[in-house]
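With mmCIF, C-alpha atoms, pLDDT in the B column; chains and numbers go by the auth columns inside, this is input_39.cif:
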data_run
#
loop_
_atom_site.group_PDB
_atom_site.id
_atom_site.type_symbol
_atom_site.label_atom_id
_atom_site.label_comp_id
_atom_site.label_asym_id
_atom_site.label_seq_id
_atom_site.Cartn_x
_atom_site.Cartn_y
_atom_site.Cartn_z
_atom_site.B_iso_or_equiv
_atom_site.auth_seq_id
_atom_site.auth_asym_id
ATOM 1 C CA MET A 1 99.380 114.620 65.879 64.00 203 A
ATOM 2 C CA SER A 2 101.451 111.758 67.188 80.00 204 A
ATOM 3 C CA MET A 3 105.000 111.145 66.049 90.00 205 A
ATOM 4 C CA SER A 4 106.253 108.352 63.807 93.00 206 A
ATOM 5 C CA GLU A 5 107.864 105.318 65.373 92.00 207 A
ATOM 6 C CA GLU A 6 111.218 106.419 63.996 93.00 208 A
ATOM 7 C CA GLU A 7 110.892 109.839 65.648 94.00 209 A
ATOM 8 C CA LEU A 8 109.712 108.257 68.904 94.00 210 A
ATOM 9 C CA ARG A 9 112.726 105.940 69.007 95.00 211 A
ATOM 10 C CA LYS A 10 115.035 108.966 68.803 95.00 212 A
ATOM 11 C CA LEU A 11 113.433 110.678 71.825 94.00 213 A
ATOM 12 C CA LYS A 12 115.407 111.029 75.031 95.00 214 A
ATOM 13 C CA PRO A 13 112.817 110.858 77.810 97.00 215 A
ATOM 14 C CA ASP A 14 113.482 112.780 81.024 97.00 216 A
ATOM 15 C CA LYS A 15 111.970 109.901 82.955 98.00 217 A
ATOM 16 C CA VAL A 16 110.997 106.310 82.201 98.00 218 A
ATOM 17 C CA VAL A 17 108.486 104.600 84.450 97.00 219 A
ATOM 18 C CA ASP A 18 108.158 100.833 84.183 97.00 220 A
ATOM 19 C CA ALA A 19 104.592 99.881 85.034 95.00 221 A
ATOM 20 C CA ARG A 20 104.795 96.422 83.476 95.00 222 A
ATOM 21 C CA GLY A 21 103.578 93.844 85.929 88.00 223 A
ATOM 22 C CA THR A 22 100.790 96.103 87.165 90.00 224 A
ATOM 23 C CA SER A 23 97.285 96.026 85.769 88.00 225 A
ATOM 24 C CA CYS A 24 94.838 98.791 84.981 87.00 226 A
ATOM 25 C CA PRO A 25 94.684 101.317 86.652 90.00 227 A
ATOM 26 C CA GLY A 26 98.305 100.805 87.795 91.00 228 A
ATOM 27 C CA PRO A 27 100.022 102.306 84.713 94.00 229 A
ATOM 28 C CA LEU A 28 97.706 105.331 84.744 94.00 230 A
ATOM 29 C CA LEU A 29 98.449 105.933 88.421 93.00 231 A
ATOM 30 C CA ALA A 30 102.153 105.516 87.693 95.00 232 A
ATOM 31 C CA ALA A 31 101.942 108.098 84.888 95.00 233 A
ATOM 32 C CA LYS A 32 100.081 110.543 87.104 94.00 234 A
ATOM 33 C CA ARG A 33 102.740 110.186 89.818 93.00 235 A
ATOM 34 C CA ALA A 34 105.713 110.318 87.479 96.00 236 A
ATOM 35 C CA ILE A 35 104.732 113.318 85.351 96.00 237 A
ATOM 36 C CA SER A 36 105.352 115.679 88.274 95.00 238 A
ATOM 37 C CA GLU A 37 108.984 114.528 88.309 96.00 239 A
ATOM 38 C CA VAL A 38 109.445 115.627 84.695 97.00 240 A
ATOM 39 C CA PRO A 39 110.115 119.316 83.929 97.00 241 A
ATOM 40 C CA VAL A 40 107.459 121.229 81.960 97.00 242 A
ATOM 41 C CA GLY A 41 108.168 120.510 78.300 97.00 243 A
ATOM 42 C CA GLY A 42 110.005 117.322 79.279 97.00 244 A
ATOM 43 C CA ILE A 43 109.151 113.805 78.167 97.00 245 A
ATOM 44 C CA LEU A 44 107.809 110.889 80.173 98.00 246 A
ATOM 45 C CA GLU A 45 107.931 107.337 78.839 98.00 247 A
ATOM 46 C CA VAL A 46 105.583 104.775 80.376 97.00 248 A
ATOM 47 C CA LEU A 47 106.109 101.051 79.866 97.00 249 A
ATOM 48 C CA SER A 48 102.918 99.033 80.257 96.00 250 A
ATOM 49 C CA SER A 49 101.858 95.470 79.576 94.00 251 A
ATOM 50 C CA ASP A 50 98.177 96.296 80.137 91.00 252 A
ATOM 51 C CA PRO A 51 96.368 96.624 76.771 88.00 253 A
ATOM 52 C CA GLY A 52 94.166 99.452 78.116 90.00 254 A
ATOM 53 C CA THR A 53 97.033 101.843 78.761 93.00 255 A
ATOM 54 C CA LYS A 54 97.809 102.850 75.171 92.00 256 A
ATOM 55 C CA ARG A 55 94.309 104.283 74.917 90.00 257 A
ATOM 56 C CA ASP A 56 94.076 105.530 78.520 92.00 258 A
ATOM 57 C CA LEU A 57 97.166 107.703 78.374 95.00 259 A
ATOM 58 C CA PRO A 58 96.274 109.827 75.313 94.00 260 A
ATOM 59 C CA LEU A 59 92.908 110.596 76.947 92.00 261 A
ATOM 60 C CA TRP A 60 94.582 111.297 80.277 94.00 262 A
ATOM 61 C CA ALA A 61 97.116 113.612 78.639 95.00 263 A
ATOM 62 C CA ARG A 62 94.422 115.591 76.851 93.00 264 A
ATOM 63 C CA LYS A 63 92.290 115.856 79.982 91.00 265 A
ATOM 64 C CA VAL A 64 95.019 117.079 82.299 92.00 266 A
ATOM 65 C CA GLY A 65 96.911 119.270 79.826 94.00 267 A
ATOM 66 C CA HIS A 66 99.840 117.219 78.540 96.00 268 A
ATOM 67 C CA GLU A 67 100.725 116.193 75.003 96.00 269 A
ATOM 68 C CA PHE A 68 100.542 112.581 73.871 96.00 270 A
ATOM 69 C CA LEU A 69 103.471 111.972 71.525 97.00 271 A
ATOM 70 C CA GLY A 70 102.839 108.396 70.468 96.00 272 A
ATOM 71 C CA VAL A 71 103.248 104.736 71.240 96.00 273 A
ATOM 72 C CA ILE A 72 105.657 101.996 70.207 96.00 274 A
ATOM 73 C CA GLU A 73 104.435 98.423 70.365 95.00 275 A
ATOM 74 C CA GLU A 74 107.057 95.971 71.619 96.00 276 A
ATOM 75 C CA PRO A 75 106.544 92.232 72.108 96.00 277 A
ATOM 76 C CA GLY A 76 104.292 91.930 75.182 93.00 278 A
ATOM 77 C CA TYR A 77 104.277 95.593 76.146 96.00 279 A
ATOM 78 C CA TRP A 78 103.869 99.164 74.951 96.00 280 A
ATOM 79 C CA ARG A 79 106.090 102.244 75.234 97.00 281 A
ATOM 80 C CA ILE A 80 103.986 105.366 75.567 97.00 282 A
ATOM 81 C CA PHE A 81 105.428 108.874 75.287 97.00 283 A
ATOM 82 C CA VAL A 82 103.918 111.983 76.872 97.00 284 A
ATOM 83 C CA LYS A 83 105.240 115.536 76.944 97.00 285 A
ATOM 84 C CA ARG A 84 104.492 117.455 80.124 97.00 286 A
ATOM 85 C CA GLY A 85 102.355 120.487 79.266 95.00 287 A
ATOM 86 C CA LYS A 86 101.983 122.303 82.586 88.00 288 A
ATOM 87 C CA MET B 1 86.032 124.133 88.239 69.00 227 B
ATOM 88 C CA THR B 2 87.222 120.556 88.649 86.00 228 B
ATOM 89 C CA ASP B 3 84.991 117.803 87.319 95.00 229 B
ATOM 90 C CA LYS B 4 83.488 115.585 89.963 97.00 230 B
ATOM 91 C CA MET B 5 82.441 111.937 90.059 98.00 231 B
ATOM 92 C CA CYS B 6 79.938 110.803 92.677 98.00 232 B
ATOM 93 C CA ILE B 7 79.561 107.139 93.599 98.00 233 B
ATOM 94 C CA THR B 8 76.704 105.827 95.664 98.00 234 B
ATOM 95 C CA LEU B 9 78.043 102.572 97.098 98.00 235 B
ATOM 96 C CA MET B 10 75.358 100.203 98.348 97.00 236 B
ATOM 97 C CA SER B 11 77.399 97.022 97.837 96.00 237 B
ATOM 98 C CA GLY B 12 79.853 95.340 100.177 96.00 238 B
ATOM 99 C CA SER B 13 81.195 92.435 98.126 94.00 239 B
ATOM 100 C CA ILE B 14 84.856 92.478 97.157 93.00 240 B
ATOM 101 C CA ASP B 15 84.221 92.258 93.409 92.00 241 B
ATOM 102 C CA ARG B 16 82.132 95.412 93.441 95.00 242 B
ATOM 103 C CA LEU B 17 84.402 97.192 95.904 97.00 243 B
ATOM 104 C CA THR B 18 87.323 96.415 93.589 95.00 244 B
ATOM 105 C CA GLY B 19 85.471 97.761 90.550 96.00 245 B
ATOM 106 C CA MET B 20 84.657 100.888 92.537 98.00 246 B
ATOM 107 C CA ALA B 21 88.284 101.389 93.632 97.00 247 B
ATOM 108 C CA VAL B 22 89.555 100.982 90.053 96.00 248 B
ATOM 109 C CA LEU B 23 87.183 103.704 88.824 97.00 249 B
ATOM 110 C CA VAL B 24 88.109 106.003 91.712 98.00 250 B
ATOM 111 C CA SER B 25 91.813 105.553 90.892 96.00 251 B
ATOM 112 C CA ALA B 26 91.201 106.299 87.217 96.00 252 B
ATOM 113 C CA ALA B 27 89.118 109.389 88.031 96.00 253 B
ATOM 114 C CA VAL B 28 91.779 110.750 90.375 96.00 254 B
ATOM 115 C CA SER B 29 94.424 110.158 87.716 94.00 255 B
ATOM 116 C CA MET B 30 92.288 112.160 85.299 93.00 256 B
ATOM 117 C CA ASP B 31 92.323 115.013 87.842 93.00 257 B
ATOM 118 C CA MET B 32 88.698 114.548 88.835 96.00 258 B
ATOM 119 C CA GLU B 33 87.405 114.943 92.359 98.00 259 B
ATOM 120 C CA VAL B 34 85.571 111.941 93.772 98.00 260 B
ATOM 121 C CA GLU B 35 82.951 111.710 96.476 98.00 261 B
ATOM 122 C CA ILE B 36 81.587 108.396 97.698 98.00 262 B
ATOM 123 C CA PHE B 37 78.396 107.890 99.679 97.00 263 B
ATOM 124 C CA LEU B 38 78.250 104.603 101.553 98.00 264 B
ATOM 125 C CA GLN B 39 74.861 103.015 102.022 97.00 265 B
ATOM 126 C CA LEU B 40 73.939 99.811 103.847 97.00 266 B
ATOM 127 C CA TRP B 41 76.558 97.210 102.828 97.00 267 B
ATOM 128 C CA GLY B 42 78.963 99.933 101.833 97.00 268 B
ATOM 129 C CA VAL B 43 79.072 101.201 105.417 97.00 269 B
ATOM 130 C CA TYR B 44 79.414 97.623 106.665 97.00 270 B
ATOM 131 C CA ALA B 45 82.419 96.990 104.379 98.00 271 B
ATOM 132 C CA PHE B 46 84.150 100.129 105.695 98.00 272 B
ATOM 133 C CA LYS B 47 83.818 99.086 109.361 98.00 273 B
ATOM 134 C CA LYS B 48 87.286 98.846 110.918 97.00 274 B
ATOM 135 C CA ASP B 49 86.528 95.342 112.199 96.00 275 B
ATOM 136 C CA VAL B 50 85.261 94.189 108.773 96.00 276 B
ATOM 137 C CA MET B 51 87.333 95.895 106.050 96.00 277 B
ATOM 138 C CA LYS B 52 90.257 93.449 105.871 94.00 278 B
ATOM 139 C CA LYS B 53 88.293 90.393 107.026 93.00 279 B
ATOM 140 C CA ASN B 54 85.576 90.683 104.407 90.00 280 B
ATOM 141 C CA MET B 55 85.272 87.253 102.728 87.00 281 B
ATOM 142 C CA ASN B 56 82.210 88.078 100.632 88.00 282 B
ATOM 143 C CA LEU B 57 84.073 87.768 97.370 87.00 283 B
ATOM 144 C CA SER B 58 81.659 87.740 94.521 83.00 284 B
ATOM 145 C CA GLU B 59 78.194 87.972 93.072 82.00 285 B
ATOM 146 C CA PHE B 60 78.633 84.596 91.424 83.00 286 B
ATOM 147 C CA LYS B 61 79.419 82.847 94.680 82.00 287 B
ATOM 148 C CA GLU B 62 81.131 79.800 93.202 85.00 288 B
ATOM 149 C CA MET B 63 83.436 82.046 91.155 85.00 289 B
ATOM 150 C CA GLY B 64 84.653 84.095 94.097 83.00 290 B
ATOM 151 C CA GLU B 65 87.854 82.206 94.863 87.00 291 B
ATOM 152 C CA LYS B 66 88.790 82.124 91.182 88.00 292 B
ATOM 153 C CA VAL B 67 88.364 85.882 90.792 85.00 293 B
ATOM 154 C CA ALA B 68 90.358 86.548 93.949 84.00 294 B
ATOM 155 C CA ALA B 69 93.190 84.345 92.686 88.00 295 B
ATOM 156 C CA ARG B 70 93.250 86.076 89.288 87.00 296 B
ATOM 157 C CA LEU B 71 93.349 89.532 90.877 84.00 297 B
ATOM 158 C CA LYS B 72 96.319 88.396 92.904 85.00 298 B
ATOM 159 C CA GLU B 73 98.085 86.997 89.807 88.00 299 B
ATOM 160 C CA LEU B 74 97.508 90.279 87.996 86.00 300 B
ATOM 161 C CA ASN B 75 99.136 92.090 90.890 84.00 301 B
ATOM 162 C CA LEU B 76 96.123 94.293 91.619 87.00 302 B
ATOM 163 C CA PRO B 77 96.241 95.687 95.165 90.00 303 B
ATOM 164 C CA MET B 78 93.313 94.974 97.502 93.00 304 B
ATOM 165 C CA TRP B 79 90.461 97.406 97.006 95.00 305 B
ATOM 166 C CA TYR B 80 91.127 99.290 100.233 97.00 306 B
ATOM 167 C CA ASP B 81 94.796 99.777 99.311 96.00 307 B
ATOM 168 C CA LEU B 82 93.805 101.065 95.861 95.00 308 B
ATOM 169 C CA LEU B 83 91.412 103.471 97.536 97.00 309 B
ATOM 170 C CA LYS B 84 94.073 104.611 100.015 97.00 310 B
ATOM 171 C CA GLN B 85 96.476 105.267 97.106 95.00 311 B
ATOM 172 C CA ALA B 86 93.794 107.247 95.305 96.00 312 B
ATOM 173 C CA ARG B 87 93.199 109.333 98.432 97.00 313 B
ATOM 174 C CA GLU B 88 96.903 110.133 98.646 96.00 314 B
ATOM 175 C CA LEU B 89 97.009 111.089 94.988 94.00 315 B
ATOM 176 C CA GLY B 90 93.897 113.244 94.670 95.00 316 B
ATOM 177 C CA LYS B 91 90.717 114.497 96.248 97.00 317 B
ATOM 178 C CA VAL B 92 88.540 111.608 97.423 98.00 318 B
ATOM 179 C CA LYS B 93 85.934 112.200 100.098 98.00 319 B
ATOM 180 C CA ILE B 94 84.007 109.359 101.686 98.00 320 B
ATOM 181 C CA HIS B 95 80.686 109.909 103.420 97.00 321 B
ATOM 182 C CA ALA B 96 78.648 107.367 105.352 96.00 322 B
ATOM 183 C CA CYS B 97 74.869 107.389 105.184 95.00 323 B
ATOM 184 C CA SER B 98 73.413 108.421 108.530 94.00 324 B
ATOM 185 C CA LEU B 99 70.650 105.821 108.350 94.00 325 B
ATOM 186 C CA ALA B 100 73.081 102.973 107.583 95.00 326 B
ATOM 187 C CA SER B 101 75.338 104.159 110.400 94.00 327 B
ATOM 188 C CA ARG B 102 72.397 103.889 112.764 93.00 328 B
ATOM 189 C CA ILE B 103 71.476 100.464 111.420 95.00 329 B
ATOM 190 C CA TRP B 104 74.984 99.180 112.201 96.00 330 B
ATOM 191 C CA GLY B 105 75.265 101.269 115.368 96.00 331 B
ATOM 192 C CA VAL B 106 78.571 102.768 114.240 96.00 332 B
ATOM 193 C CA LYS B 107 80.179 106.140 114.850 96.00 333 B
ATOM 194 C CA LEU B 108 82.707 107.865 112.589 96.00 334 B
ATOM 195 C CA GLU B 109 85.612 106.429 114.609 97.00 335 B
ATOM 196 C CA ASP B 110 84.383 102.874 113.921 97.00 336 B
ATOM 197 C CA LEU B 111 84.830 103.398 110.175 98.00 337 B
ATOM 198 C CA GLU B 112 88.015 103.324 108.089 97.00 338 B
ATOM 199 C CA MET B 113 88.794 106.211 105.678 97.00 339 B
ATOM 200 C CA VAL B 114 85.342 107.768 106.146 98.00 340 B
ATOM 201 C CA ASP B 115 85.373 111.582 106.440 97.00 341 B
ATOM 202 C CA ASP B 116 81.910 112.205 107.816 95.00 342 B
ATOM 203 C CA ILE B 117 78.358 110.955 108.242 95.00 343 B
ATOM 204 C CA ILE B 118 75.761 112.773 106.172 94.00 344 B
ATOM 205 C CA GLY B 119 72.099 112.535 105.211 93.00 345 B
ATOM 206 C CA ALA B 120 70.536 111.563 101.909 93.00 346 B
ATOM 207 C CA GLY B 121 69.424 115.128 101.180 91.00 347 B
ATOM 208 C CA GLU B 122 72.956 116.500 101.270 93.00 348 B
ATOM 209 C CA TRP B 123 74.101 113.602 99.077 96.00 349 B
ATOM 210 C CA VAL B 124 71.409 114.251 96.469 95.00 350 B
ATOM 211 C CA ASP B 125 72.508 117.881 96.430 94.00 351 B
ATOM 212 C CA LYS B 126 76.106 116.785 95.791 95.00 352 B
ATOM 213 C CA MET B 127 75.041 114.346 93.049 97.00 353 B
ATOM 214 C CA SER B 128 73.069 117.096 91.319 96.00 354 B
ATOM 215 C CA LYS B 129 76.348 118.999 90.834 95.00 355 B
ATOM 216 C CA ALA B 130 78.535 116.098 89.682 97.00 356 B
ATOM 217 C CA LYS B 131 79.481 115.362 86.091 97.00 357 B
ATOM 218 C CA ILE B 132 79.401 111.580 86.607 98.00 358 B
ATOM 219 C CA ASN B 133 77.068 109.704 88.960 98.00 359 B
ATOM 220 C CA LEU B 134 77.369 105.990 89.646 98.00 360 B
ATOM 221 C CA PHE B 135 75.377 103.574 91.748 98.00 361 B
ATOM 222 C CA ILE B 136 77.330 100.480 92.689 97.00 362 B
#
Could I get this file's structure written as structure tokens?
Amino acid sequence: MSMSEEELRKLKPDKVVDARGTSCPGPLLAAKRAISEVPVGGILEVLSSDPGTKRDLPLWARKVGHEFLGVIEEPGYWRIFVKRGK
Amino acid sequence: MTDKMCITLMSGSIDRLTGMAVLVSAAVSMDMEVEIFLQLWGVYAFKKDVMKKNMNLSEFKEMGEKVAARLKELNLPMWYDLLKQARELGKVKIHACSLASRIWGVKLEDLEMVDDIIGAGEWVDKMSKAKINLFI
């Protein structure tokens, strides 16, 4: 279950990685690198301007054992929130 | 057990090498292991004296320059840099086909990023155990 936009906006991520300006698979690689710098149970926010990322990251999170919290669409980019699971 | 993706790489043109490197990066991000088997043009493209000088851009020859320019605008690294990143981030093994190596007269030390030279039988055995198999 992903969170509402209102709930997402209140989150305080432990780390924000700005992958705007890179193309697929750049944001996915950035997420993979950055999640290890977040404590277990902590929140990673990924900024991406690649339209594939908002669907890549939920699948990635499920596959590797993290929790996808949701996505906020901003003009020209997306903010994607993932909670580190392990 | 970790899922594995096996890629048989026959091609040596930059468009296909780029597509291959993107998939390898994605697979590594998804915590999959990747093994790549280089055949004829694949081995040629991984030769140390060819890798960065390869000007064979595209299947649609007249579109090659355009594609290269767009990739640059989109800030996508060159295929070999993407592959290097993927190797730093996860498990990516690269094997060269023994026949192709003999065709080009190359040894392991003539090839960039290649871990070993193996035969087709061993590769088929590896493919039979992989979750995803691609021929590029």
Should the cut-off be 8 Å, what would the residue list for chain A against chain B look like, counting all atoms listed in the file, as a PDB file with C-alpha atoms, in the coordinates of the input?
ATOM      1  CA  GLY A 223     103.578  93.844  85.929  1.00 88.00           C
ATOM      2  CA  THR A 224     100.790  96.103  87.165  1.00 90.00           C
ATOM      3  CA  SER A 225      97.285  96.026  85.769  1.00 88.00           C
ATOM      4  CA  CYS A 226      94.838  98.791  84.981  1.00 87.00           C
ATOM      5  CA  PRO A 227      94.684 101.317  86.652  1.00 90.00           C
ATOM      6  CA  GLY A 228      98.305 100.805  87.795  1.00 91.00           C
ATOM      7  CA  LEU A 230      97.706 105.331  84.744  1.00 94.00           C
ATOM      8  CA  LEU A 231      98.449 105.933  88.421  1.00 93.00           C
ATOM      9  CA  LYS A 234     100.081 110.543  87.104  1.00 94.00           C
ATOM     10  CA  ARG A 235     102.740 110.186  89.818  1.00 93.00           C
ATOM     11  CA  TRP A 262      94.582 111.297  80.277  1.00 94.00           C
ATOM     12  CA  LYS A 265      92.290 115.856  79.982  1.00 91.00           C
ATOM     13  CA  VAL A 266      95.019 117.079  82.299  1.00 92.00           C
TER      14      VAL A 266
END
>> With only C-alpha atoms as the counted atoms, please give the residues lying no more than 6 Å from range 264-278 of chain B, apart from itself and same-chain residues fewer than 2 positions off, as a ChimeraX atom specification.
In response: /B:235-238,280,322-323,326,336-338
>> Which residues are close to Arg222 in chain A, i.e. within 7 Å by all atoms listed in the file, leaving aside same-chain residues fewer than 6 positions away? Reply as a ChimeraX atom specification.
In response: /A:249-251
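Closest approach to Glu348 in chain B among B:Met304, B:Lys287, B:Phe263, B:Arg313 is made by B:Phe263 (distances from all atoms listed in the file).
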Just say which residues the PyMOL selection byres ((chain A and resi 285) around 9) picks in this file, as a PDB file with C-alpha atoms, keeping the file's coordinate frame.
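Result file is expr_11.pdb:
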ATOM      1  CA  PRO A 215     112.817 110.858  77.810  1.00 97.00           C
ATOM      2  CA  ILE A 237     104.732 113.318  85.351  1.00 96.00           C
ATOM      3  CA  VAL A 240     109.445 115.627  84.695  1.00 97.00           C
ATOM      4  CA  VAL A 242     107.459 121.229  81.960  1.00 97.00           C
ATOM      5  CA  GLY A 243     108.168 120.510  78.300  1.00 97.00           C
ATOM      6  CA  GLY A 244     110.005 117.322  79.279  1.00 97.00           C
ATOM      7  CA  ILE A 245     109.151 113.805  78.167  1.00 97.00           C
ATOM      8  CA  LEU A 246     107.809 110.889  80.173  1.00 98.00           C
ATOM      9  CA  GLU A 247     107.931 107.337  78.839  1.00 98.00           C
ATOM     10  CA  ALA A 263      97.116 113.612  78.639  1.00 95.00           C
ATOM     11  CA  HIS A 268      99.840 117.219  78.540  1.00 96.00           C
ATOM     12  CA  GLU A 269     100.725 116.193  75.003  1.00 96.00           C
ATOM     13  CA  PHE A 270     100.542 112.581  73.871  1.00 96.00           C
ATOM     14  CA  LEU A 271     103.471 111.972  71.525  1.00 97.00           C
ATOM     15  CA  PHE A 283     105.428 108.874  75.287  1.00 97.00           C
ATOM     16  CA  VAL A 284     103.918 111.983  76.872  1.00 97.00           C
ATOM     17  CA  ARG A 286     104.492 117.455  80.124  1.00 97.00           C
ATOM     18  CA  GLY A 287     102.355 120.487  79.266  1.00 95.00           C
TER      19      GLY A 287
END
> What does the distance between CA of Ile358 in chain B and CA of Leu325 in chain B come to in Å, to one decimal place?
Replying inline: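 Spanning CA of Ile358 in chain B to CA of Leu325 in chain B is a straight-line distance of 24.1 Å.
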>> Please compute the CA of Ala346 in chain B-CA of Leu360 in chain B distance, one decimal, in Å.
In response: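 Separation between CA of Ala346 in chain B and CA of Leu360 in chain B: 15.1 Å.
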Mind giving me the axis-aligned box for range 261-266 of chain B with 8 Å on every side, centre plus edges in Å to one decimal, as JSON?
{"center_x": 78.4, "center_y": 105.8, "center_z": 100.2, "size_x": 25.0, "size_y": 27.9, "size_z": 23.4}
>> Counting only C-alpha atoms, find residues at most 7 Å from (82.9, 118.3, 95.6) (file frame) and give them as a ChimeraX atom specification.
In response: /B:230,259,261,352
>> Please report the interatomic distance between CA of Lys357 in chain B and CA of Cys232 in chain B in Å with one decimal.
In response: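 If I compute the distance from CA of Lys357 in chain B to CA of Cys232 in chain B, I get 8.0 Å.
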> For the point (78.1, 123.2, 91.9) in file coordinates, what residues are within 12 Å, counting only C-alpha atoms? Give the answer as number ranges by chain?
Replying inline: B: 227-230, 351-357
Taking C-alpha atoms for each residue, export the selection above as a compact mmCIF listing (two decimals), in the coordinates of the input.
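What landed in out.txt:
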# COMPACT_ATOMS: atom_id res chain seq x y z
CA MET B 227 86.03 124.13 88.24
CA THR B 228 87.22 120.56 88.65
CA ASP B 229 84.99 117.80 87.32
CA LYS B 230 83.49 115.58 89.96
CA ASP B 351 72.51 117.88 96.43
CA LYS B 352 76.11 116.78 95.79
CA MET B 353 75.04 114.35 93.05
CA SER B 354 73.07 117.10 91.32
CA LYS B 355 76.35 119.00 90.83
CA ALA B 356 78.54 116.10 89.68
CA LYS B 357 79.48 115.36 86.09
